[in-house]
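Have a look at the structure below, then the notes.
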Amino acid sequence: MEVKEVYSSAAVIWNLFANFADDIEKAVDTECDEDDPNSVHHYVATSVVKLLSDFFRSVFLETGSRPKIHDLERFNICSRIMRGLLRLVEEKWVKQNKTGYQASIADCMERLRDCLKARGTGLPIELSGLLDRSLERVRNASKLENLKNNLRRVREGLSVHEPGTGTVSANGLQGNLSRDDQDILDGLTRPTSVFQDIVSEMDTYGQPLAVAEQSLLVDVMREPEEISGMQSQARAAFDNGEFIRKLVRHAKDVWVSQEALCLKILGTLTAMISGVKMSVDSEYTKENLALRKDLLRRYFTKRSKIRSVHARRDDAVEIIQTHLNEKGASDLVVDLIMKKGSDAVFKASIELGIALLDGGNSVVQKAIFSRLVGAEGSENSLLVFSEIISTAQTKLRSTLRVIMPDSGELDVSADVSIQRSPEPAKAEPTRRPSVRPSLFSPKSASRRPSLVGAEKSPPSPRSVRQPSDMELPIDVDEDDWEAKEEPLPREVAIMTVVLRFLQLLCENHNSEMQNYLRNQGSKSNVNLILQTLSFLDCICGSTSGSLGLLGHYVNATNVGLIDQTIVTLTEFCQGPCHENQNAIASNEAEGLDIIIALTLLDIKPLQDKAEDLVLGLKSNAVKLLLAIIESRQDSENAERLLHNMPVDTLVDKIIQHYHANETKSSEAIGAAEDNDRAPLTPREVGHAMFILAHQLAPYNPELEELLKPGSGQTGLRNEALSHYYAQTETIEIVRHDWTMERIVFPVPPVCAYLTPETKRRIFLETELDEQGSKVPDFCGHTDVLFKEMKWQKLLRETKFVYWISQRMTLWQSLSSDVAWLLNIIVALYYPFPDSAPALSLLFSNFLWLALLITAIFTVMRPGNRKFLLGFLVCSLTRSVYLVGPETTVRLLGWLNLGLNIISSVSYAGNMGTMKNSLRDMLRTPRFFYDLSLVLTCLAGLFVHEFFYGFLLFDIVYREETLYNVIKSVTKNGRSILLTAVLAVILVYMFSMAGYVLFADDFVLEVGHKKNNTLATCEATALGVPCEATGNDFYDEDEELACTSMLTCMVTTLVYGLRSGGGIGDVLRKPSFNDEYFFARVLYDLLFFFIVIIITLNLIFGVIIDTFADLRTEKQHKDDVLRNTCFICGLERSAFDNKATSFDYHYMREHNLWSYLYFMIMLQVKDPTEFTGPESYVAEQIKNEKLDWFPRLRAMSLSNTETLSDKVEMRAIQKELLATQTLVGKLSEQLAELQRQMSEHKNRRDRLKLMPGNHMFRTTASDDAVDFPLL
């Protein structure tokens, strides 16, 4: 066969090319033997590559019949050859070859690419990018090799030398180097790194100063009339923001004639807002604060103005936005949008609008909405947006259109075959019922039916996804993978700011604007909601015909625009706006398919190189799906999602994203958890998907079963689902229209630092209000608990302090135990003997054995208090008989001091008081109590052992029963004190009567110490007492105790109250013959009844009643804790005979910690990211309203029937099922009977056509007589 015939024989040449592709893949997949010249590697690198290069360079290819390489099968062969060559050129043995293997392979690839372009067929997108990068690396390697050769020649003396010197001149060196070599050499020798370090240092130092100056300029432009030196006339001209107003007017006047000036004004107004925002976000240092204050003194005259401007405010951005809005900036934005000037002016006006609306400024939103609704011709602004979106879609579609030179347009149909239509005709759009086949099967049916000859042009063959086994595993440098993408066209790039502007118009759930963007109520109505969804559908490759090609359309260039589109659609729906939700969910453009595909499909190759971009895209796609079903009382949208979403794939993706975190380092994950602005992790995206599945589960039993962790799941699935269940909480809220709604949300990571001690304290100490609700008191602790969580998070960084704080209860218990042991030893052995007590050998061995056993158990269970206490008792007993009681008490004193100090540190660590000043710490009752215990221990160590007795009062603080006993006295202390004062007054009155009438009757027996007692008894104040007893040191005598009013009152008070019968038991017994006998009897009786019986019993009664009230209150409190819901106040009896038990309601539906976590989430989450229910609750909390808490309500009670109703319903269902079965059988019998009747009728009709005397007719007549009537 001649060479010319080879080029014209399609079968031969494409079979040959297929063999070449197999040889190339074999050479790549096997190890190269460089010593074997007959190996397949050398054959491919020389013969195959040369043949391919010659073929695609040949003149016969240009003039012959030209094989049709645009056919799909042959196109795939070319793609295989290109993939194989791309892998081959990266092989190590190819790079190290000195005969030019790499250059010849690169030349072959370039020839193949040029040939395909000349034939009107381009390479697939991913191959085109890889080819460009590969050729670039080969060229750079060639340049470096040439540079090395030139430098080597210079060293060998082949270059020009300076006369009279032995050195190489610069001119001579440059003369032997090419321009590329010189560029590379300059790049290698340039001290770039040093310069970058200098610039970085200057930026670090100068950036805060620049921020301070920029913020000052904003203040000057805002109030130029306050500038020092300005004359009164100028002040009047610029007073009340007139300067900004004139700038705005001037921009409206010159936007056509002086476009550059208009752009400058728009940029200045935008920079005012961005400058303030930067100053608010940045951290002021001492230097830039001083600079700002100094500049303020120079510009402004009034000191009050300097102080007001200098103060930093969190709402500074909102103040500037509102100020510019009042001066007409928002009207300027709308006017320039409606006039639709040049692209530069339009973009600048949109950017100004974005700056004005940033953060969801409601004042600016209302101003723009009023302008859009009320101004004449204002609907043109939305028409402008509509035209921009349509233009962007047209541009996107045009970039995908490929016109074949001799065969018209190319279309990829469902069976991946080529379809042609010489006469394009508009096809009727059809709707695909489900996305399941096209989502996860590359060979399944297309996403939309092929529109042959439709107005939309079909894609090029590069959009056809190749089989998975042909993916190109070529290593690409991290620095080369990006920057090769072509930039977005101008018509498409403008969509980023347009969509951002539309998003901010609806920020914070602006329902008026959400509805207005969908329906303006005019004849020229435009639906920007559906147009935005259609744009998302288009930019994600809707014209490709298959969602499996999604990864080829989402790249580093357009992923930001796709992400912004999704965020804008989310803002259209949240609030909720039910109409917009329905518009997106029921759109015929099948926008749900794209959103679900972005959520569930792997977006490669972008996912391999920029995972953070893909994770952010998937996270926002999940938020959009959640927004579509947000606050829906019906199941319509949820069922639509489930219809288009394979639930098993959703659960698989949840598991996959959870375990994807295991490939990352623990340091990276920890940094992401500690930093609120850290990039998304796969586990967080999986959590968002889990929340979506959790909300869809009630409408799909299969999904609900798949989400349940348990024994039926595998280890990896069970681990992931258990983790997500633990990190997901559900609450119920009451909306403004008194409807109840369930919210599912992720638990913020900071909530994991809430300690069990704090939970128990809040649970037990939260008080009921007048209406019997604990919610007000519970909400009052939110800020304190949030601060404690943040402190606990910081405490984890100090390992030792955290270890101590974690065992606060253990230290307190051990401190109390040691105090009791101390006082037991003091009580048994004081005064301490000089030596240790004797101990038998048997008991001594028993103590050593007990000490050893308790020590072993203590080491095995270090946190067990019982083992520690047993070890401590054995150690102390052994110490008493080994070193003596006195030394043991001293050791125990030091131990108790250390435990009290550790207990104080642990409490300060847990409560966060450690970061406060000493004065603030002393104001804390608990810290002051711990400090008193430490001082008591010091007094016991350095003053006297008896001070240890005061430590026993700690039992009153630790035991609730004793605490209530003391509280029974102190709670009504004022009543008891007043009653005691009354008793003293009565005693005083009786003392006066006794002094006047019965002074001689106050005779008491007293004892006097003898003088020699003090001389013979050597006793110290707290030492050994005297051993003498009896009357050896005392003389008994009688004396009058009412010689004065003072002695009479003291005697009556002391002896009268202490005596059981009153003062009469102490006074002299009167005789019947005494003059004042009856008066004395009356005096004694009155004192007994009034003081002893009435007054003292009044005091005792108050104490006893108080104790009884405390006990009743405690019982009621315990009953409330056990049988009443903390949140809604429903009692346990309300859930009797209900499908939902009280325990499930208490722990899952109305868990108090879930509500706390939700309020904490509202504090840590960006307000612009709030969903509709979250914004509602945040507003309620801001206004200090608690109406969002369910009060005596629960969704489970309103949605379930009683057990009796359910039993009756089940019985009715069984009867209905039996009836349906019976009806089915009767229907089958009736159908059979109808069939028989029909056969009989047909038979009779046939017989009528026969003669009358025919034998069959006679027989049939006989049979007809026997047929039963119906």
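We name chains A, B, ... following the order of the structure tokens; residues begin at 1 in each chain, and ligands are numbered from 1 as shown.
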Would you give me, as a list in words, the residues in region 1007-1171 of chain A that DSSP reads as strand (DSSP E or B)?
Gly1007, His1008, Lys1009, Tyr1034, Asp1035, Glu1036, Asp1037, Glu1038, Glu1039, Leu1040, Thr1124, Glu1131 and Lys1138 of chain A
Written file, previous selection with N, CA and C atoms, as a compact mmCIF listing (two decimals), in the first residue's frame:
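Wrote it out as again_0.txt, contents follow:
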# COMPACT_ATOMS: atom_id res chain seq x y z
N GLY A 1007 -19.68 31.79 144.41
CA GLY A 1007 -18.43 31.22 144.92
C GLY A 1007 -17.28 32.13 144.58
N HIS A 1008 -16.38 32.36 145.57
CA HIS A 1008 -15.20 33.21 145.40
C HIS A 1008 -13.96 32.35 145.37
N LYS A 1009 -12.99 32.65 144.46
CA LYS A 1009 -11.71 31.95 144.44
C LYS A 1009 -10.87 32.39 145.62
N TYR A 1034 -12.52 27.42 146.26
CA TYR A 1034 -13.70 28.29 146.19
C TYR A 1034 -14.38 28.36 147.55
N ASP A 1035 -14.93 29.58 147.88
CA ASP A 1035 -15.76 29.79 149.07
C ASP A 1035 -17.15 30.13 148.61
N GLU A 1036 -18.17 29.40 149.10
CA GLU A 1036 -19.55 29.68 148.74
C GLU A 1036 -20.13 30.71 149.68
N ASP A 1037 -20.93 31.64 149.13
CA ASP A 1037 -21.49 32.73 149.90
C ASP A 1037 -22.73 33.23 149.19
N GLU A 1038 -23.54 34.07 149.85
CA GLU A 1038 -24.73 34.69 149.29
C GLU A 1038 -24.55 36.19 149.25
N GLU A 1039 -25.12 36.79 148.15
CA GLU A 1039 -25.04 38.24 148.03
C GLU A 1039 -26.25 38.74 147.28
N LEU A 1040 -26.57 40.02 147.46
CA LEU A 1040 -27.67 40.65 146.78
C LEU A 1040 -27.28 40.92 145.32
N THR A 1124 -42.13 18.66 85.66
CA THR A 1124 -42.53 19.84 84.88
C THR A 1124 -41.44 20.18 83.89
N GLU A 1131 -46.82 19.84 82.59
CA GLU A 1131 -46.57 18.81 83.58
C GLU A 1131 -46.56 17.43 82.94
N LYS A 1138 -50.28 9.74 75.46
CA LYS A 1138 -49.87 10.43 74.23
C LYS A 1138 -48.74 9.64 73.57
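By only C-alpha atoms, and with residues fewer than 5 positions from Glu507 (chain A) along its chain excluded, the set lying at most 9 Å from it is Leu357, Asp358, Gly359, Gly360, Asn361, Ser362, Gln365, Leu502, Glu571, Phe572 and Thr1168 of chain A.
Here CA of Glu630 (chain A) stands at a distance of 27.4 Å from CA of Leu1130 (chain A).
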I want to know what sits within 7 Å of region 790-804 of chain A, based on only C-alpha atoms, with residues of the same chain fewer than 5 positions away left out; could you give that as a PyMOL selection string?
chain A and resi 750+753+906+910+912
Straight-line distance linking CA of Leu1110 (chain A) with CA of Gly772 (chain A), stated in Å to one decimal
17.8 Å
What lies within 10 Å of Ser975 (chain A) using only C-alpha atoms, ignoring chain neighbours under 5 positions off, as an NGL selection string?
:A and (969-970 or 980-981 or 1098-1099 or 1102-1103)
Using all heavy atoms, can you export the residues from the last selection as a short mmCIF file (atom, residue, chain, number, x, y, z; two decimals), in the first residue's frame?
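part39.cif, written as the output of this step:
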data_model
loop_
_atom_site.label_atom_id
_atom_site.label_comp_id
_atom_site.auth_asym_id
_atom_site.auth_seq_id
_atom_site.Cartn_x
_atom_site.Cartn_y
_atom_site.Cartn_z
N VAL A 969 -33.21 30.16 110.36
CA VAL A 969 -33.00 31.23 111.34
C VAL A 969 -32.72 32.55 110.65
O VAL A 969 -33.22 33.60 111.06
CB VAL A 969 -31.84 30.85 112.30
CG1 VAL A 969 -31.59 31.97 113.31
CG2 VAL A 969 -32.14 29.56 113.01
N THR A 970 -31.95 32.49 109.57
CA THR A 970 -31.53 33.73 108.92
C THR A 970 -32.55 34.27 107.93
O THR A 970 -32.56 35.46 107.64
CB THR A 970 -30.21 33.50 108.18
OG1 THR A 970 -30.39 32.45 107.21
CG2 THR A 970 -29.11 33.08 109.16
N ALA A 980 -36.88 39.33 119.66
CA ALA A 980 -35.87 39.35 120.72
C ALA A 980 -35.79 40.73 121.37
O ALA A 980 -35.60 40.86 122.60
CB ALA A 980 -34.52 38.95 120.15
N VAL A 981 -35.92 41.79 120.57
CA VAL A 981 -35.93 43.14 121.14
C VAL A 981 -37.13 43.32 122.07
O VAL A 981 -37.03 43.93 123.16
CB VAL A 981 -35.95 44.18 120.00
CG1 VAL A 981 -36.21 45.58 120.55
CG2 VAL A 981 -34.63 44.15 119.23
N LEU A 1098 -42.60 32.51 120.69
CA LEU A 1098 -42.75 33.24 119.43
C LEU A 1098 -41.50 33.11 118.57
O LEU A 1098 -41.56 32.87 117.37
CB LEU A 1098 -43.04 34.72 119.71
CG LEU A 1098 -44.48 35.09 120.10
CD1 LEU A 1098 -44.57 36.56 120.44
CD2 LEU A 1098 -45.45 34.73 118.99
N ILE A 1099 -40.35 33.25 119.19
CA ILE A 1099 -39.09 33.12 118.46
C ILE A 1099 -38.93 31.69 117.93
O ILE A 1099 -38.59 31.47 116.76
CB ILE A 1099 -37.91 33.50 119.37
CG1 ILE A 1099 -38.03 34.97 119.79
CG2 ILE A 1099 -36.59 33.23 118.67
CD1 ILE A 1099 -36.97 35.42 120.78
N VAL A 1102 -41.33 31.04 114.96
CA VAL A 1102 -40.87 31.61 113.68
C VAL A 1102 -39.81 30.72 113.05
O VAL A 1102 -39.83 30.44 111.85
CB VAL A 1102 -40.33 33.03 113.91
CG1 VAL A 1102 -39.65 33.55 112.65
CG2 VAL A 1102 -41.46 33.96 114.32
N ILE A 1103 -38.89 30.23 113.86
CA ILE A 1103 -37.82 29.37 113.33
C ILE A 1103 -38.39 28.07 112.79
O ILE A 1103 -38.04 27.60 111.70
CB ILE A 1103 -36.77 29.12 114.42
CG1 ILE A 1103 -36.08 30.43 114.81
CG2 ILE A 1103 -35.75 28.10 113.94
CD1 ILE A 1103 -35.13 30.30 115.97
#
Find the residues around Phe1089 (chain A) up to 12 Å (only C-alpha atoms counted), leave out those fewer than 2 positions away in its own chain, and share them as a JSON list (two decimals) with N, CA, C and O atoms, in the first residue's frame.
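Ended up saving to around-v5.json:
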[["chain", "number", "residue", "atom", "x", "y", "z"],
["A", 986, "LEU", "N", -39.34, 43.67, 127.63],
["A", 986, "LEU", "CA", -40.12, 43.10, 128.73],
["A", 986, "LEU", "C", -39.24, 42.80, 129.93],
["A", 986, "LEU", "O", -39.64, 43.04, 131.10],
["A", 1057, "LEU", "N", -34.25, 34.23, 132.01],
["A", 1057, "LEU", "CA", -34.47, 33.53, 130.75],
["A", 1057, "LEU", "C", -33.93, 32.11, 130.79],
["A", 1057, "LEU", "O", -34.43, 31.22, 130.10],
["A", 1060, "GLY", "N", -36.23, 27.51, 133.90],
["A", 1060, "GLY", "CA", -37.43, 26.98, 133.30],
["A", 1060, "GLY", "C", -38.70, 27.64, 133.80],
["A", 1060, "GLY", "O", -39.66, 27.80, 133.04],
["A", 1061, "GLY", "N", -38.71, 28.04, 135.05],
["A", 1061, "GLY", "CA", -39.89, 28.68, 135.62],
["A", 1061, "GLY", "C", -39.81, 30.17, 135.62],
["A", 1061, "GLY", "O", -40.67, 30.83, 136.24],
["A", 1062, "GLY", "N", -38.83, 30.74, 135.08],
["A", 1062, "GLY", "CA", -38.70, 32.18, 135.02],
["A", 1062, "GLY", "C", -37.85, 32.70, 136.17],
["A", 1062, "GLY", "O", -37.10, 31.98, 136.83],
["A", 1063, "ILE", "N", -37.98, 34.00, 136.46],
["A", 1063, "ILE", "CA", -37.17, 34.64, 137.49],
["A", 1063, "ILE", "C", -37.52, 34.17, 138.89],
["A", 1063, "ILE", "O", -36.71, 34.26, 139.81],
["A", 1064, "GLY", "N", -38.72, 33.57, 139.06],
["A", 1064, "GLY", "CA", -39.15, 33.09, 140.39],
["A", 1064, "GLY", "C", -38.28, 31.95, 140.89],
["A", 1064, "GLY", "O", -38.17, 31.75, 142.12],
["A", 1082, "LEU", "N", -47.72, 37.34, 141.78],
["A", 1082, "LEU", "CA", -48.12, 37.92, 140.51],
["A", 1082, "LEU", "C", -46.91, 38.26, 139.64],
["A", 1082, "LEU", "O", -46.92, 38.05, 138.42],
["A", 1083, "TYR", "N", -45.86, 38.74, 140.24],
["A", 1083, "TYR", "CA", -44.64, 39.10, 139.50],
["A", 1083, "TYR", "C", -44.01, 37.86, 138.85],
["A", 1083, "TYR", "O", -43.65, 37.87, 137.66],
["A", 1084, "ASP", "N", -43.95, 36.78, 139.63],
["A", 1084, "ASP", "CA", -43.35, 35.55, 139.10],
["A", 1084, "ASP", "C", -44.20, 34.95, 137.97],
["A", 1084, "ASP", "O", -43.67, 34.49, 136.95],
["A", 1085, "LEU", "N", -45.52, 34.93, 138.17],
["A", 1085, "LEU", "CA", -46.40, 34.35, 137.16],
["A", 1085, "LEU", "C", -46.39, 35.16, 135.86],
["A", 1085, "LEU", "O", -46.37, 34.61, 134.76],
["A", 1086, "LEU", "N", -46.45, 36.49, 135.98],
["A", 1086, "LEU", "CA", -46.43, 37.32, 134.78],
["A", 1086, "LEU", "C", -45.13, 37.14, 133.99],
["A", 1086, "LEU", "O", -45.13, 37.07, 132.76],
["A", 1087, "PHE", "N", -44.02, 37.08, 134.69],
["A", 1087, "PHE", "CA", -42.74, 36.87, 134.01],
["A", 1087, "PHE", "C", -42.73, 35.51, 133.30],
["A", 1087, "PHE", "O", -42.26, 35.39, 132.16],
["A", 1091, "VAL", "N", -42.85, 36.28, 129.35],
["A", 1091, "VAL", "CA", -41.50, 36.18, 128.79],
["A", 1091, "VAL", "C", -41.17, 34.75, 128.38],
["A", 1091, "VAL", "O", -40.75, 34.49, 127.24],
["A", 1092, "ILE", "N", -41.37, 33.80, 129.27],
["A", 1092, "ILE", "CA", -40.93, 32.43, 129.00],
["A", 1092, "ILE", "C", -41.85, 31.75, 127.99],
["A", 1092, "ILE", "O", -41.40, 31.17, 126.99],
["A", 1093, "ILE", "N", -43.16, 31.78, 128.26],
["A", 1093, "ILE", "CA", -44.08, 31.03, 127.42],
["A", 1093, "ILE", "C", -44.37, 31.75, 126.10],
["A", 1093, "ILE", "O", -44.27, 31.16, 125.02],
["A", 1094, "ILE", "N", -44.72, 33.00, 126.16],
["A", 1094, "ILE", "CA", -45.17, 33.70, 124.96],
["A", 1094, "ILE", "C", -44.00, 34.19, 124.11],
["A", 1094, "ILE", "O", -43.86, 33.84, 122.94],
["A", 1095, "THR", "N", -43.14, 34.99, 124.69],
["A", 1095, "THR", "CA", -42.09, 35.64, 123.88],
["A", 1095, "THR", "C", -41.09, 34.64, 123.33],
["A", 1095, "THR", "O", -40.78, 34.64, 122.13],
["A", 1096, "LEU", "N", -40.57, 33.78, 124.16],
["A", 1096, "LEU", "CA", -39.58, 32.81, 123.67],
["A", 1096, "LEU", "C", -40.19, 31.84, 122.66],
["A", 1096, "LEU", "O", -39.56, 31.47, 121.67],
["A", 1097, "ASN", "N", -41.43, 31.43, 122.92],
["A", 1097, "ASN", "CA", -42.07, 30.53, 121.96],
["A", 1097, "ASN", "C", -42.40, 31.22, 120.65],
["A", 1097, "ASN", "O", -42.50, 30.56, 119.59]]
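The interatomic distance for the pair CA of Leu868 (chain A) and CA of Leu895 (chain A) works out to 13.6 Å.
Closest approach to Ala720 (chain A) among A:Lys618, A:Pro748, A:Glu765, A:Ala660: A:Ala660, based on only C-alpha atoms.
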Which residues in region 757-838 of chain A does DSSP call helix (DSSP H, G or I)? List them as a PyMOL selection string.
chain A and resi 757-765+775-780+782-795+799-805+808-829
Residues within 12 Å of Arg878 (chain A), only C-alpha atoms, excluding chain neighbours under 3 positions, as number ranges by chain
A: 836-839, 843-852, 871-875, 881-885, 888
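Of the residues listed (A:Thr809, A:Thr766, A:Thr739, A:Gln1229), A:Thr739 shows the shortest atom-to-atom separation from Ala1194 (chain A); distances use only C-alpha atoms.
Across A:Gly267, A:Pro224, A:Gly560, A:Gly686, the tightest approach to Pro746 (chain A) is made by A:Gly686 when counting only C-alpha atoms.
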